[in-house]
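Enquirer: Here it is: the structure, laid out below.
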Amino acid sequence: MGELVFTKVTKDLKTKYPILKDVINFKEKHYQTISIRMKNGKLRTIHNPSKALRYYQRAIVEKFLNEVPIHICCTSYQKGKSLKANVLPHANNMYFLHVDIANFFDHIKFSQVHKLFTDLIEDKYEAKFYAELCTLKGTLPQGAITSPSISNAVNFRMDSRIFGYSKKHNIVYTRYADDITLSSNDFASIQRSLYVVKQILQDEGYQLNTRKVRITKPGIQRKVTGLLINEDQEVRVGRKKYRELRSMIYNYKNNTSVTRKENRALFRKIVGWLSYLNVVDEKTYSLMVMYIKKLYGNTKNPFETMLISKEKI
């Protein structure tokens with residue numbers, strides 16, 4: 001990297017030259033790699049940026065990535081959009097194709113990120129510098145602040161191709177990160193679309209996660225990215241999740257055998273779920289509010305002072 005580029009980026013990011021140089025020259029040491037076990041038992045690798053790199057990436061999001069065009073069918077990682085936005089377009093359809101992209105972030109290469117910044121910045125060397133700040137070992141690291149926005153932007157062409165095919169065949173298409181959903185009232189169209197989607201993904205450098213490919217028909221719950229569409233075309237979390245959350249709340253109040261640390265973790269989990277429900281499933285949220293009030297009665301309610309959206313518990 002040339003000294004002029006270092007000087008320019010140092011000024012633009014409002015940082016100190018030695019810190020920026022250390023980050024760009026020794027990038028790997030500025031990530032903490034952790035492994036998280038998923039529901040299927042496999043490990044997911046997360047790369048958490050250092051304080052300095054996190055500062056730079058946040059500045060890059062604000063300076064460049066907030067205004068990058070994203071296809072209308074992409075609903076992930078956007079301010080003001082919840083998971084519900086990925087489900088509602090499918091509410092009137094009966095047949096669903098669910099496709100998961102394997103190792104999504106790992107397949108987004110430096111060249112794609114570099115091209116994105118080249119389109120945003122006139123100076124090609126400066127564009128390369130910013131691309132370096134957003135990549136690790138030639139790919140997009142899961143855990144970097146910039147990765148969600150970049151993953152949306154670099155897949156505009158892929159989304160356009162799948163959307164174009166879908167629109168031509170009266171199919172609804174949405175994508176939430178690596179989770180692709182197509183729906184229609186024509187079963188044959190949904191069956192045929194699997195081959196087309198597979199070909200487009202391969203053209204764009206991706207692969208299907210074959211274990212997660214599903215085609216669903218009436219009689220099976222209409223489930224999109226973890227949310228259900230009921231017979232009234234409402235988006236709900238479902239009875240199973242409702243019962244699980246009730247059980248968590250009950251245990252939080254009544255289980256005295258857990259440690260204080262475990263209890264605090266459970267409280268945070270409940271608060272997170274209540275906040276989520278208030279956005280994606282207001283009916284279930286209201287039921288939870290009533291349940292909590294009834295459970296605590298006249299005793300001290302630890303959730304009472306917590307403001308979720310418009311309503312206090």
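A note on labels: chains of the structure tokens are A, B, ... as shown, every chain counts residues from 1, and ligands are counted from 1 in their shown order.
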Once DSSP has gone over the backbone, tell me which residues of range 24-211 of chain A are in alpha helix (DSSP H), as JSON, numbers by chain.
Expert: {"A": [24, 25, 51, 52, 53, 54, 55, 56, 57, 58, 59, 60, 61, 62, 63, 84, 85, 86, 87, 110, 111, 112, 113, 114, 115, 116, 117, 118, 119, 120, 124, 125, 126, 127, 128, 129, 130, 131, 132, 133, 134, 147, 148, 149, 150, 151, 152, 153, 154, 156, 157, 158, 159, 160, 161, 162, 163, 164, 165, 166, 167, 168, 187, 188, 189, 190, 191, 192, 193, 194, 195, 196, 197, 198, 199, 200, 201, 202, 203]}
Enquirer: Looking only at the backbone, which of the residues in range 58-270 of chain A does DSSP tag as strand (DSSP E or B), as a VMD selection string?
Expert: chain A and resid 74 95 to 101 109 136 139 142 144 172 to 176 179 to 184 208 214 to 216 222 to 224 227 to 229 235 to 236
Enquirer: Closest to Gln202 in chain A among A:Ala102, A:Asn301, A:Arg239, A:Lys21, using only C-alpha atoms?
Expert: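 Closest residue, counting only C-alpha atoms: A:Ala102.
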Enquirer: Would you please work out which residue, of A:His30, A:Arg175, A:Lys11, A:Lys84, is nearest to Ile72 in chain A when using only C-alpha atoms?
Expert: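 Smallest separation from Ile72 in chain A among the options: A:Arg175.
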Enquirer: Quick one: residues within 10 Å of Val289 in chain A, only C-alpha atoms counted, chain neighbours fewer than 2 positions away excluded, as a ChimeraX atom specification?
Expert: /A:274,283-287,291-295,303-304,311-313
Enquirer: Write out as a list of chain:residue names the residues lying within 12 Å of Leu208 in chain A, counting only C-alpha atoms and excluding same-chain residues fewer than 2 positions away.
Expert: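 Non-adjacent residues within range: A:His98, A:Val99, A:Asp100, A:Ile101, A:Ala102, A:Asn103, A:Phe104, A:His107, A:Asp178, A:Asp179, A:Ile180, A:Leu194, A:Tyr195, A:Val196, A:Val197, A:Lys198, A:Gln199, A:Ile200, A:Leu201, A:Gln202, A:Asp203, A:Glu204, A:Gly205, A:Tyr206, A:Thr210, A:Arg211, A:Lys212, A:Val213, A:Arg214.
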Enquirer: Could you write out that same residue set with N, CA, C and O atoms as a JSON list (two decimals), in the first residue's frame?
Expert:
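Writing done, so here's part_16.json:
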[["chain", "number", "residue", "atom", "x", "y", "z"],
["A", 98, "HIS", "N", -37.33, -24.14, -0.25],
["A", 98, "HIS", "CA", -36.38, -23.57, 0.70],
["A", 98, "HIS", "C", -34.98, -24.03, 0.33],
["A", 98, "HIS", "O", -34.73, -25.23, 0.23],
["A", 99, "VAL", "N", -34.08, -23.08, 0.12],
["A", 99, "VAL", "CA", -32.71, -23.39, -0.28],
["A", 99, "VAL", "C", -31.75, -22.64, 0.63],
["A", 99, "VAL", "O", -31.94, -21.46, 0.92],
["A", 100, "ASP", "N", -30.72, -23.33, 1.08],
["A", 100, "ASP", "CA", -29.70, -22.74, 1.94],
["A", 100, "ASP", "C", -28.37, -22.74, 1.18],
["A", 100, "ASP", "O", -27.99, -23.75, 0.60],
["A", 101, "ILE", "N", -27.69, -21.60, 1.19],
["A", 101, "ILE", "CA", -26.38, -21.50, 0.53],
["A", 101, "ILE", "C", -25.31, -22.00, 1.50],
["A", 101, "ILE", "O", -25.22, -21.54, 2.63],
["A", 102, "ALA", "N", -24.50, -22.95, 1.04],
["A", 102, "ALA", "CA", -23.46, -23.52, 1.89],
["A", 102, "ALA", "C", -22.31, -22.53, 2.07],
["A", 102, "ALA", "O", -21.84, -21.93, 1.11],
["A", 103, "ASN", "N", -21.87, -22.36, 3.34],
["A", 103, "ASN", "CA", -20.69, -21.52, 3.65],
["A", 103, "ASN", "C", -20.77, -20.17, 2.94],
["A", 103, "ASN", "O", -19.85, -19.77, 2.21],
["A", 104, "PHE", "N", -21.85, -19.48, 3.18],
["A", 104, "PHE", "CA", -22.19, -18.26, 2.44],
["A", 104, "PHE", "C", -21.08, -17.22, 2.46],
["A", 104, "PHE", "O", -20.57, -16.79, 1.41],
["A", 107, "HIS", "N", -17.70, -17.93, 0.67],
["A", 107, "HIS", "CA", -17.68, -17.93, -0.79],
["A", 107, "HIS", "C", -17.74, -16.52, -1.40],
["A", 107, "HIS", "O", -17.75, -16.38, -2.62],
["A", 178, "ASP", "N", -28.16, -16.25, 3.77],
["A", 178, "ASP", "CA", -27.93, -17.48, 3.00],
["A", 178, "ASP", "C", -29.20, -18.31, 2.82],
["A", 178, "ASP", "O", -29.15, -19.41, 2.28],
["A", 179, "ASP", "N", -30.33, -17.78, 3.27],
["A", 179, "ASP", "CA", -31.59, -18.52, 3.25],
["A", 179, "ASP", "C", -32.48, -18.00, 2.13],
["A", 179, "ASP", "O", -32.97, -16.88, 2.18],
["A", 180, "ILE", "N", -32.72, -18.84, 1.12],
["A", 180, "ILE", "CA", -33.51, -18.47, -0.05],
["A", 180, "ILE", "C", -34.88, -19.15, 0.01],
["A", 180, "ILE", "O", -34.97, -20.34, 0.30],
["A", 194, "LEU", "N", -36.10, -25.23, -8.74],
["A", 194, "LEU", "CA", -34.95, -25.73, -8.00],
["A", 194, "LEU", "C", -33.73, -25.84, -8.91],
["A", 194, "LEU", "O", -32.62, -25.42, -8.54],
["A", 195, "TYR", "N", -33.91, -26.39, -10.10],
["A", 195, "TYR", "CA", -32.80, -26.55, -11.04],
["A", 195, "TYR", "C", -32.25, -25.18, -11.45],
["A", 195, "TYR", "O", -31.04, -24.98, -11.49],
["A", 196, "VAL", "N", -33.14, -24.24, -11.72],
["A", 196, "VAL", "CA", -32.72, -22.90, -12.16],
["A", 196, "VAL", "C", -31.95, -22.19, -11.05],
["A", 196, "VAL", "O", -30.89, -21.60, -11.29],
["A", 197, "VAL", "N", -32.47, -22.24, -9.83],
["A", 197, "VAL", "CA", -31.79, -21.60, -8.69],
["A", 197, "VAL", "C", -30.42, -22.22, -8.48],
["A", 197, "VAL", "O", -29.43, -21.51, -8.25],
["A", 198, "LYS", "N", -30.35, -23.52, -8.58],
["A", 198, "LYS", "CA", -29.06, -24.22, -8.41],
["A", 198, "LYS", "C", -28.05, -23.74, -9.44],
["A", 198, "LYS", "O", -26.88, -23.47, -9.12],
["A", 199, "GLN", "N", -28.48, -23.60, -10.69],
["A", 199, "GLN", "CA", -27.58, -23.15, -11.75],
["A", 199, "GLN", "C", -27.12, -21.72, -11.54],
["A", 199, "GLN", "O", -25.95, -21.39, -11.72],
["A", 200, "ILE", "N", -28.05, -20.85, -11.12],
["A", 200, "ILE", "CA", -27.69, -19.45, -10.88],
["A", 200, "ILE", "C", -26.69, -19.35, -9.72],
["A", 200, "ILE", "O", -25.70, -18.62, -9.81],
["A", 201, "LEU", "N", -26.93, -20.10, -8.66],
["A", 201, "LEU", "CA", -26.01, -20.08, -7.52],
["A", 201, "LEU", "C", -24.62, -20.54, -7.94],
["A", 201, "LEU", "O", -23.61, -19.94, -7.53],
["A", 202, "GLN", "N", -24.55, -21.59, -8.74],
["A", 202, "GLN", "CA", -23.26, -22.08, -9.20],
["A", 202, "GLN", "C", -22.56, -21.04, -10.06],
["A", 202, "GLN", "O", -21.34, -20.83, -9.95],
["A", 203, "ASP", "N", -23.32, -20.38, -10.93],
["A", 203, "ASP", "CA", -22.76, -19.32, -11.77],
["A", 203, "ASP", "C", -22.16, -18.19, -10.92],
["A", 203, "ASP", "O", -21.18, -17.56, -11.30],
["A", 204, "GLU", "N", -22.79, -17.94, -9.77],
["A", 204, "GLU", "CA", -22.37, -16.84, -8.90],
["A", 204, "GLU", "C", -21.32, -17.27, -7.87],
["A", 204, "GLU", "O", -20.93, -16.50, -7.00],
["A", 205, "GLY", "N", -20.87, -18.53, -7.97],
["A", 205, "GLY", "CA", -19.80, -19.00, -7.10],
["A", 205, "GLY", "C", -20.24, -19.65, -5.81],
["A", 205, "GLY", "O", -19.43, -19.85, -4.90],
["A", 206, "TYR", "N", -21.51, -20.01, -5.73],
["A", 206, "TYR", "CA", -22.04, -20.62, -4.51],
["A", 206, "TYR", "C", -22.43, -22.09, -4.75],
["A", 206, "TYR", "O", -22.50, -22.55, -5.89],
["A", 210, "THR", "N", -27.23, -29.15, 0.33],
["A", 210, "THR", "CA", -28.23, -30.13, -0.12],
["A", 210, "THR", "C", -29.06, -30.69, 1.02],
["A", 210, "THR", "O", -30.21, -31.09, 0.82],
["A", 211, "ARG", "N", -28.51, -30.71, 2.24],
["A", 211, "ARG", "CA", -29.26, -31.23, 3.38],
["A", 211, "ARG", "C", -30.43, -30.33, 3.76],
["A", 211, "ARG", "O", -31.35, -30.76, 4.45],
["A", 212, "LYS", "N", -30.39, -29.07, 3.33],
["A", 212, "LYS", "CA", -31.42, -28.12, 3.75],
["A", 212, "LYS", "C", -32.37, -27.73, 2.62],
["A", 212, "LYS", "O", -33.17, -26.80, 2.78],
["A", 213, "VAL", "N", -32.29, -28.42, 1.50],
["A", 213, "VAL", "CA", -33.23, -28.15, 0.41],
["A", 213, "VAL", "C", -34.56, -28.82, 0.73],
["A", 213, "VAL", "O", -34.63, -30.03, 0.98],
["A", 214, "ARG", "N", -35.64, -28.03, 0.72],
["A", 214, "ARG", "CA", -36.97, -28.58, 1.02],
["A", 214, "ARG", "C", -38.01, -28.00, 0.09],
["A", 214, "ARG", "O", -37.98, -26.81, -0.21]]
Enquirer: Neighbours of Val224 in chain A within 9 Å (only C-alpha atoms; same-chain residues fewer than 2 positions away dropped), as a list in words?
Expert: Asn86, Val87, His90, Phe96, His98, Thr181, Arg222, Gly226, Leu227, Leu228 and Ile229 of chain A
Enquirer: For the selection just defined, write its residues with N, CA, C and O atoms to a file, as a PDB file, in the first residue's frame.
Expert:
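As a result, again.pdb now contains:
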ATOM      1  N   ASN A  86     -39.245 -10.894   5.420  1.00  0.00           N
ATOM      2  CA  ASN A  86     -38.871 -12.011   4.559  1.00  0.00           C
ATOM      3  C   ASN A  86     -39.995 -13.026   4.419  1.00  0.00           C
ATOM      4  O   ASN A  86     -39.966 -13.868   3.518  1.00  0.00           O
ATOM      5  N   VAL A  87     -40.987 -12.946   5.298  1.00  0.00           N
ATOM      6  CA  VAL A  87     -42.057 -13.938   5.333  1.00  0.00           C
ATOM      7  C   VAL A  87     -43.337 -13.441   4.656  1.00  0.00           C
ATOM      8  O   VAL A  87     -43.981 -14.169   3.891  1.00  0.00           O
ATOM      9  N   HIS A  90     -44.765 -14.114   1.057  1.00  0.00           N
ATOM     10  CA  HIS A  90     -45.147 -15.492   0.720  1.00  0.00           C
ATOM     11  C   HIS A  90     -46.506 -15.907   1.302  1.00  0.00           C
ATOM     12  O   HIS A  90     -46.940 -17.043   1.119  1.00  0.00           O
ATOM     13  N   PHE A  96     -43.746 -24.185  -1.402  1.00  0.00           N
ATOM     14  CA  PHE A  96     -42.527 -23.481  -1.027  1.00  0.00           C
ATOM     15  C   PHE A  96     -41.275 -24.279  -1.388  1.00  0.00           C
ATOM     16  O   PHE A  96     -41.235 -25.498  -1.198  1.00  0.00           O
ATOM     17  N   HIS A  98     -37.331 -24.141  -0.246  1.00  0.00           N
ATOM     18  CA  HIS A  98     -36.381 -23.566   0.703  1.00  0.00           C
ATOM     19  C   HIS A  98     -34.975 -24.032   0.326  1.00  0.00           C
ATOM     20  O   HIS A  98     -34.726 -25.234   0.233  1.00  0.00           O
ATOM     21  N   THR A 181     -35.936 -18.379  -0.250  1.00  0.00           N
ATOM     22  CA  THR A 181     -37.291 -18.919  -0.273  1.00  0.00           C
ATOM     23  C   THR A 181     -37.983 -18.524  -1.568  1.00  0.00           C
ATOM     24  O   THR A 181     -37.972 -17.353  -1.945  1.00  0.00           O
ATOM     25  N   ARG A 222     -46.444 -23.952   6.901  1.00  0.00           N
ATOM     26  CA  ARG A 222     -45.771 -22.993   6.017  1.00  0.00           C
ATOM     27  C   ARG A 222     -44.788 -22.196   6.873  1.00  0.00           C
ATOM     28  O   ARG A 222     -45.174 -21.262   7.566  1.00  0.00           O
ATOM     29  N   GLY A 226     -37.862 -19.690   9.950  1.00  0.00           N
ATOM     30  CA  GLY A 226     -38.221 -19.901  11.349  1.00  0.00           C
ATOM     31  C   GLY A 226     -39.564 -19.368  11.783  1.00  0.00           C
ATOM     32  O   GLY A 226     -39.989 -19.596  12.919  1.00  0.00           O
ATOM     33  N   LEU A 227     -40.270 -18.647  10.905  1.00  0.00           N
ATOM     34  CA  LEU A 227     -41.582 -18.101  11.250  1.00  0.00           C
ATOM     35  C   LEU A 227     -42.668 -18.818  10.461  1.00  0.00           C
ATOM     36  O   LEU A 227     -42.456 -19.248   9.324  1.00  0.00           O
ATOM     37  N   LEU A 228     -43.842 -18.945  11.087  1.00  0.00           N
ATOM     38  CA  LEU A 228     -44.955 -19.662  10.475  1.00  0.00           C
ATOM     39  C   LEU A 228     -45.973 -18.700   9.884  1.00  0.00           C
ATOM     40  O   LEU A 228     -46.204 -17.616  10.417  1.00  0.00           O
ATOM     41  N   ILE A 229     -46.590 -19.127   8.784  1.00  0.00           N
ATOM     42  CA  ILE A 229     -47.729 -18.401   8.216  1.00  0.00           C
ATOM     43  C   ILE A 229     -48.962 -19.244   8.494  1.00  0.00           C
ATOM     44  O   ILE A 229     -49.082 -20.375   8.014  1.00  0.00           O
TER      45      ILE A 229
END
Enquirer: Let me make sure I understand: among A:Ala177, A:Ile36, A:Ile171, A:Leu133, which one has the smallest atom-to-atom distance to Gln78 in chain A if we use only C-alpha atoms?
Expert: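 Of A:Ala177, A:Ile36, A:Ile171, A:Leu133, the one nearest Gln78 in chain A is A:Ala177, counting only C-alpha atoms.
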Enquirer: List as an mmCIF file with C-alpha atoms, in the first residue's frame the protein and nucleic acid residues near Ala85 in chain A, meaning an atom at most 9 Å away when only C-alpha atoms are counted, but skip any in the same chain fewer than 4 places from it.
Expert:
data_model
loop_
_atom_site.group_PDB
_atom_site.id
_atom_site.type_symbol
_atom_site.label_atom_id
_atom_site.label_comp_id
_atom_site.auth_asym_id
_atom_site.auth_seq_id
_atom_site.Cartn_x
_atom_site.Cartn_y
_atom_site.Cartn_z
ATOM 1 C CA THR A 75 -34.449 -8.605 3.442
ATOM 2 C CA SER A 76 -31.479 -9.329 5.719
ATOM 3 C CA LYS A 81 -36.563 -4.463 8.423
ATOM 4 C CA PRO A 89 -44.492 -11.721 0.644
ATOM 5 C CA VAL A 280 -42.492 -10.230 14.381
#
Enquirer: If I take CA of Asn251 in chain A and CA of Phe267 in chain A, how far is one from the other in Å, to one decimal?
Expert: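 Interatomic distance, CA of Asn251 in chain A to CA of Phe267 in chain A: 10.2 Å.
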Enquirer: Using only C-alpha atoms, can you tell me which of A:Lys79, A:Lys51, A:Arg260, A:Arg236 comes closest to Asp281 in chain A?
Expert: A:Arg236
Enquirer: Using only C-alpha atoms, which protein or nucleic acid residues come within 12 Å of Lys168 in chain A? Drop anything in the same chain fewer than 5 positions from it, and give the result as a list in words.
Expert: Arg161, Ile162, Phe163, Tyr173, Ser184, Ser189 and Ser193 of chain A
Enquirer: I'd like to know which of A:Lys261, A:His169, A:Arg157, A:Lys124 is closest to Gly2 in chain A, using only C-alpha atoms.
Expert: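 Under the stated criterion, the closest residue is A:Lys124.
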